[in-house]
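Source file work_4.cif; content: mmCIF, C-alpha atoms and all ligand atoms.
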data_start
#
loop_
_atom_site.label_atom_id
_atom_site.label_comp_id
_atom_site.auth_asym_id
_atom_site.auth_seq_id
_atom_site.Cartn_x
_atom_site.Cartn_y
_atom_site.Cartn_z
CA MET A 767 132.91 106.48 96.05
CA LYS A 768 133.63 104.48 92.94
CA LYS A 769 137.07 105.90 92.39
CA ILE A 770 140.20 103.78 92.17
CA ILE A 771 143.93 104.22 91.61
CA ILE A 772 145.88 101.59 89.72
CA ALA A 773 149.21 101.69 91.56
CA SER A 774 151.34 101.34 88.43
CA SER A 775 152.84 103.58 85.78
CA ASN A 776 153.23 100.73 83.25
CA SER A 777 150.92 101.78 80.38
CA HIS A 778 150.38 98.15 79.28
CA LYS A 779 149.23 97.09 82.74
CA ILE A 780 147.04 100.18 83.17
CA GLU A 781 145.35 99.46 79.83
CA GLU A 782 144.83 95.76 80.61
CA ILE A 783 143.41 96.44 84.08
CA SER A 784 141.28 99.41 82.94
CA LEU A 785 139.65 97.28 80.23
CA GLN A 786 138.29 94.99 82.93
CA ILE A 787 137.35 97.46 85.67
CA PHE A 788 135.96 100.42 83.76
CA PRO A 789 132.31 99.32 84.09
CA TYR A 790 132.67 99.21 87.88
CA PHE A 791 134.41 102.52 88.61
CA GLU A 792 133.45 106.08 87.67
CA THR A 793 137.04 107.34 87.87
CA ILE A 794 140.18 105.34 87.19
CA LEU A 795 143.48 106.97 88.09
CA SER A 796 147.02 105.58 88.03
CA LEU A 797 150.40 106.28 89.56
CA LYS A 798 150.98 108.60 86.56
CA ASP A 799 148.43 111.01 88.11
CA PHE A 800 150.67 111.38 91.17
CA PRO A 801 154.02 112.57 89.78
CA GLU A 802 155.01 113.71 93.28
CA ILE A 803 155.45 110.02 94.17
CA LYS A 804 158.87 109.38 92.65
CA GLU A 805 159.31 105.64 93.15
CA ILE A 806 157.76 102.82 95.13
CA VAL A 807 160.59 100.52 96.13
CA GLU A 808 159.50 96.93 95.54
CA ASP A 809 161.75 95.22 98.06
CA GLY A 810 159.30 92.64 99.39
CA ASN A 811 160.16 88.94 99.49
CA THR A 812 156.90 87.83 97.87
CA LEU A 813 154.54 88.98 95.13
CA LYS A 814 151.95 89.61 97.85
CA GLU A 815 154.27 91.93 99.78
CA ASN A 816 155.23 93.88 96.65
CA SER A 817 151.65 94.24 95.52
CA TYR A 818 150.72 95.57 98.98
CA LEU A 819 153.69 98.00 98.98
CA LYS A 820 152.19 99.57 95.83
CA SER A 821 148.51 99.71 96.83
CA SER A 822 149.16 100.88 100.41
CA ALA A 823 151.60 103.60 99.27
CA LEU A 824 148.96 105.08 96.95
CA TYR A 825 146.16 104.76 99.47
CA GLU A 826 148.19 106.36 102.27
CA HIS A 827 149.20 109.20 99.96
CA SER A 828 145.76 109.94 98.53
CA GLY A 829 143.08 108.43 100.77
CA ILE A 830 141.61 106.92 97.57
CA ALA A 831 141.01 103.15 97.19
CA SER A 832 144.03 101.64 95.44
CA LEU A 833 144.83 98.48 93.52
CA GLY A 834 148.38 97.11 93.37
CA ASP A 835 149.52 94.19 91.24
CA ASP A 836 152.73 92.24 91.18
CA THR A 837 153.56 89.54 88.69
CA GLY A 838 156.24 86.88 88.56
CA LEU A 839 157.27 84.34 85.96
CA GLU A 840 158.03 80.98 87.63
CA VAL A 841 159.98 78.56 85.44
CA ASP A 842 160.11 74.90 86.52
CA PHE A 843 163.56 74.20 85.03
CA LEU A 844 164.92 77.15 87.07
CA GLY A 845 163.30 76.01 90.34
CA GLY A 846 160.66 78.77 90.20
CA ASP A 847 163.02 81.60 89.18
CA PRO A 848 162.89 84.46 88.33
CA GLY A 849 159.67 84.67 90.44
CA VAL A 850 159.56 87.78 92.62
CA PHE A 851 162.79 88.95 90.93
CA SER A 852 161.27 88.90 87.41
CA ALA A 853 161.62 92.68 86.94
CA ARG A 854 165.30 92.74 87.91
CA TYR A 855 166.43 89.27 86.79
CA ALA A 856 169.35 90.68 84.76
CA GLY A 857 170.17 93.40 87.33
CA GLU A 858 168.65 96.42 89.10
CA LYS A 859 168.28 98.60 85.99
CA ALA A 860 167.66 95.75 83.54
CA SER A 861 165.28 96.30 80.61
CA ASP A 862 162.55 93.81 79.65
CA ASN A 863 164.82 92.68 76.82
CA ASP A 864 167.82 92.14 79.15
CA ASN A 865 165.65 89.98 81.43
CA LEU A 866 164.24 87.96 78.56
CA ARG A 867 167.73 87.34 77.07
CA LYS A 868 169.07 86.19 80.43
CA LEU A 869 166.15 83.79 80.84
CA LEU A 870 166.64 82.29 77.35
CA GLN A 871 170.35 81.88 78.01
CA LYS A 872 169.70 80.10 81.35
CA MET A 873 167.17 77.77 79.71
CA GLY A 874 169.52 76.80 76.88
CA GLN A 875 168.15 73.89 74.86
CA THR A 876 166.43 72.09 77.76
CA LYS A 877 163.24 70.22 76.93
CA LYS A 878 161.75 71.07 80.34
CA ARG A 879 160.11 74.39 79.38
CA SER A 880 156.96 74.58 81.54
CA ALA A 881 156.31 77.82 83.43
CA ILE A 882 153.57 79.84 85.07
CA PHE A 883 152.80 83.52 85.26
CA LYS A 884 151.38 84.47 88.64
CA THR A 885 149.73 87.79 89.47
CA VAL A 886 148.80 88.91 92.97
CA ILE A 887 146.44 91.86 93.28
CA SER A 888 145.86 93.77 96.48
CA PHE A 889 143.10 96.25 97.24
CA VAL A 890 143.46 98.82 100.00
CA ASP A 891 140.74 101.27 101.00
CA GLY A 892 141.28 101.35 104.76
CA LYS A 893 138.41 99.00 105.62
CA ASN A 894 137.92 96.26 102.99
CA ASP A 895 141.54 95.34 102.21
CA PHE A 896 142.00 92.02 100.37
CA PHE A 897 144.31 89.98 98.11
CA VAL A 898 143.50 87.78 95.10
CA GLU A 899 145.64 85.92 92.57
CA GLY A 900 145.59 84.52 89.04
CA VAL A 901 147.80 81.86 87.45
CA LEU A 902 148.43 81.08 83.77
CA LYS A 903 150.27 77.91 82.63
CA GLY A 904 152.46 77.93 79.54
CA GLU A 905 155.83 77.10 78.04
CA ILE A 906 158.98 79.13 77.44
CA LEU A 907 159.94 79.25 73.75
CA LYS A 908 163.57 79.12 72.59
CA SER A 909 163.23 82.50 70.85
CA PRO A 910 160.71 85.38 70.96
CA ARG A 911 157.54 85.44 68.82
CA GLY A 912 155.16 88.38 68.41
CA THR A 913 155.41 92.11 69.03
CA ASN A 914 152.44 92.97 71.24
CA GLY A 915 152.47 93.18 75.03
CA PHE A 916 155.55 93.62 77.20
CA GLY A 917 157.95 91.90 79.58
CA TYR A 918 158.23 88.18 78.92
CA ASP A 919 155.11 88.01 76.69
CA SER A 920 157.01 87.12 73.50
CA ILE A 921 158.53 83.92 74.94
CA PHE A 922 155.46 82.74 76.91
CA TYR A 923 153.66 80.24 74.67
CA LEU A 924 150.18 78.80 75.21
CA PRO A 925 150.03 75.34 73.57
CA THR A 926 146.22 75.20 73.71
CA ILE A 927 145.94 78.46 71.75
CA GLY A 928 149.05 78.07 69.58
CA LYS A 929 150.26 81.63 70.27
CA THR A 930 152.56 83.53 72.59
CA LEU A 931 151.02 86.30 74.69
CA ALA A 932 152.80 88.77 72.37
CA GLU A 933 150.96 87.30 69.35
CA MET A 934 147.60 88.14 70.93
CA SER A 935 145.75 91.44 70.80
CA ILE A 936 145.26 93.15 74.15
CA LYS A 937 141.60 92.02 74.06
CA GLU A 938 142.60 88.37 73.52
CA LYS A 939 145.22 88.58 76.30
CA THR A 940 142.63 90.11 78.60
CA LEU A 941 140.40 87.06 78.15
CA ILE A 942 142.94 84.51 79.40
CA SER A 943 145.95 86.08 81.13
CA HIS A 944 147.16 85.65 84.70
CA ARG A 945 146.34 89.32 85.35
CA ALA A 946 142.89 88.92 83.80
CA LEU A 947 142.19 85.89 86.02
CA ALA A 948 143.34 87.79 89.09
CA MET A 949 141.14 90.71 88.00
CA GLU A 950 138.10 88.41 87.70
CA ASN A 951 138.69 87.35 91.31
CA PHE A 952 139.20 91.00 92.21
CA LEU A 953 135.85 91.97 90.69
CA LYS A 954 134.06 89.17 92.59
CA GLU A 955 135.33 90.70 95.84
CA ILE A 956 134.52 94.27 94.73
CA LYS A 957 130.93 93.26 93.94
CA LYS A 958 130.57 92.03 97.55
CA ILE A 959 131.77 95.42 98.85
CA PHE A 960 129.66 97.70 96.64
P1 LIG B 1 155.85 93.87 87.93
O1 LIG B 1 154.62 93.17 88.30
O2 LIG B 1 155.56 95.13 87.18
O3 LIG B 1 156.81 94.07 89.07
O4 LIG B 1 156.55 92.95 86.85
C1 LIG B 1 157.51 91.96 87.15
C2 LIG B 1 158.17 91.50 85.87
O5 LIG B 1 157.29 90.66 85.15
C3 LIG B 1 158.61 92.60 84.90
O6 LIG B 1 159.80 92.18 84.27
C4 LIG B 1 157.49 92.67 83.90
O7 LIG B 1 157.95 93.11 82.65
C5 LIG B 1 157.04 91.23 83.87
N1 LIG B 1 155.59 91.14 83.63
C6 LIG B 1 154.60 91.59 84.43
N2 LIG B 1 153.40 91.35 83.87
C7 LIG B 1 153.66 90.73 82.70
C8 LIG B 1 152.81 90.26 81.65
O8 LIG B 1 151.59 90.35 81.66
N3 LIG B 1 153.44 89.70 80.60
C9 LIG B 1 154.80 89.58 80.52
N4 LIG B 1 155.63 90.02 81.44
C10 LIG B 1 155.06 90.60 82.53
#
Re-express the file's structure as structure tokens.
Amino acid sequence: MKKIIIASSNSHKIEEISLQIFPYFETILSLKDFPEIKEIVEDGNTLKENSYLKSSALYEHSGIASLGDDTGLEVDFLGGDPGVFSARYAGEKASDNDNLRKLLQKMGQTKKRSAIFKTVISFVDGKNDFFVEGVLKGEILKSPRGTNGFGYDSIFYLPTIGKTLAEMSIKEKTLISHRALAMENFLKEIKKIF
């Protein structure tokens, strides 16, 4: 039974999530193992809806328990934007770098730089479906720092640690990140099921 699909083809996410769940599952698959699924359109209005679109698509296709995650960066100065639109902030086909540049441009020199990363994780196996979330507080820098990670990692600074997420190793990030916190909550629920 202990088989799971991570409903993502983002290698960074797969690595981060696998690091935390590998002791609990015998087989960990990802969207990359199902090339016949071309694209999961993430057109939900909330992180919860998008995360469910991913996990339910994989479960319905395979009959195997599936985990979907959706993450948004919510910036106070921008009234919570880009939020659910984080992946396409600079347009439908925008790269991580395009999105990050647009965000820095919108922020300008403002002193109000507080932000959160929020991850919602959904689990679908046809009988024990559930959602959990994780939140990480930080600040948006005026220019990128660090080369690890992906997405907005290089501008998301943690004052208590003195580093951006992109200046941390994957192991360090996995101890404190929004996704790691959501995954801890995920594992609490999984332990109740198994
Ligand atoms: P999604 O969850 O893959 O839809 O990601 C939404 C957006 O947030 C994309 O632009 C990602 O690059 C970005 N993102 C997701 N997770 C992280 C993270 O852990 N660090 C930095 N950016 C992230």
Using only C-alpha atoms and all ligand atoms, what are the residues with an atom within 7 Å of ligand LIG 1 (chain B), set out as an NGL selection string?
:A and (835-839 or 852-854 or 862 or 865 or 915-919 or 945)
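In this structure, atom CA of A:Val886 sits 15.7 Å away from atom CA of A:Thr940.
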Would you mind listing what lies within 12 Å of stretch 899-901 of chain A as a ChimeraX atom specification, with only C-alpha atoms counted and same-chain residues fewer than 3 positions away left out?
/A:813-814,817,834-840,881-889,896,904,942-953,955
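Residue nearest A:Ala773, chosen from A:Lys859, A:Lys908, A:Lys878, A:Lys798 and counting all atoms listed in the file: A:Lys798.
Taking atom CA of A:His778 and atom CA of A:Leu941 as endpoints, the distance between them is 15.0 Å.
Of the listed residues A:Val898, A:Thr793, A:Arg911, A:Ile803, the one whose atoms come nearest to A:Ser828 is A:Ile803, with distances taken using only C-alpha atoms.
The spacing separating atom CA of A:Ile770 from atom CA of A:Ala831 amounts to 5.1 Å.
Residue nearest A:Ser880 within the list A:Val850, A:Leu844, A:Ala856, A:Ile780: A:Leu844 [criterion: smallest interatomic distance, only C-alpha atoms].
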Using all atoms listed in the file, which of A:Lys769, A:Lys893, A:Arg879, A:Lys872 sits nearest A:Ile906?
A:Arg879
At a cut-off of 10 Å from (146.0, 107.3, 87.6) in the coordinates of the file, what residues are picked up using all atoms listed in the file, written as a ChimeraX atom specification?
/A:770-775,780,793-801,832
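Proximity to A:Lys929 at 10 Å, evaluated using all atoms listed in the file and with sequence-adjacent residues fewer than 5 positions away removed, yields A:Arg911, A:Gly912, A:Ser920, A:Ile921, A:Phe922, A:Tyr923, A:Leu924, A:Met934.
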Where is the centre and how long are the edges: axis-aligned box on stretch 939-952 of chain A, 8 Å on each side, Å to one decimal, as JSON:
{"center_x": 142.6, "center_y": 87.8, "center_z": 84.3, "size_x": 25.1, "size_y": 22.5, "size_z": 31.9}
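Distances from A:Ser822, A:Pro789, A:Pro910, A:Glu905 to A:Thr926 were compared using all atoms listed in the file, and the smallest one belongs to A:Glu905.
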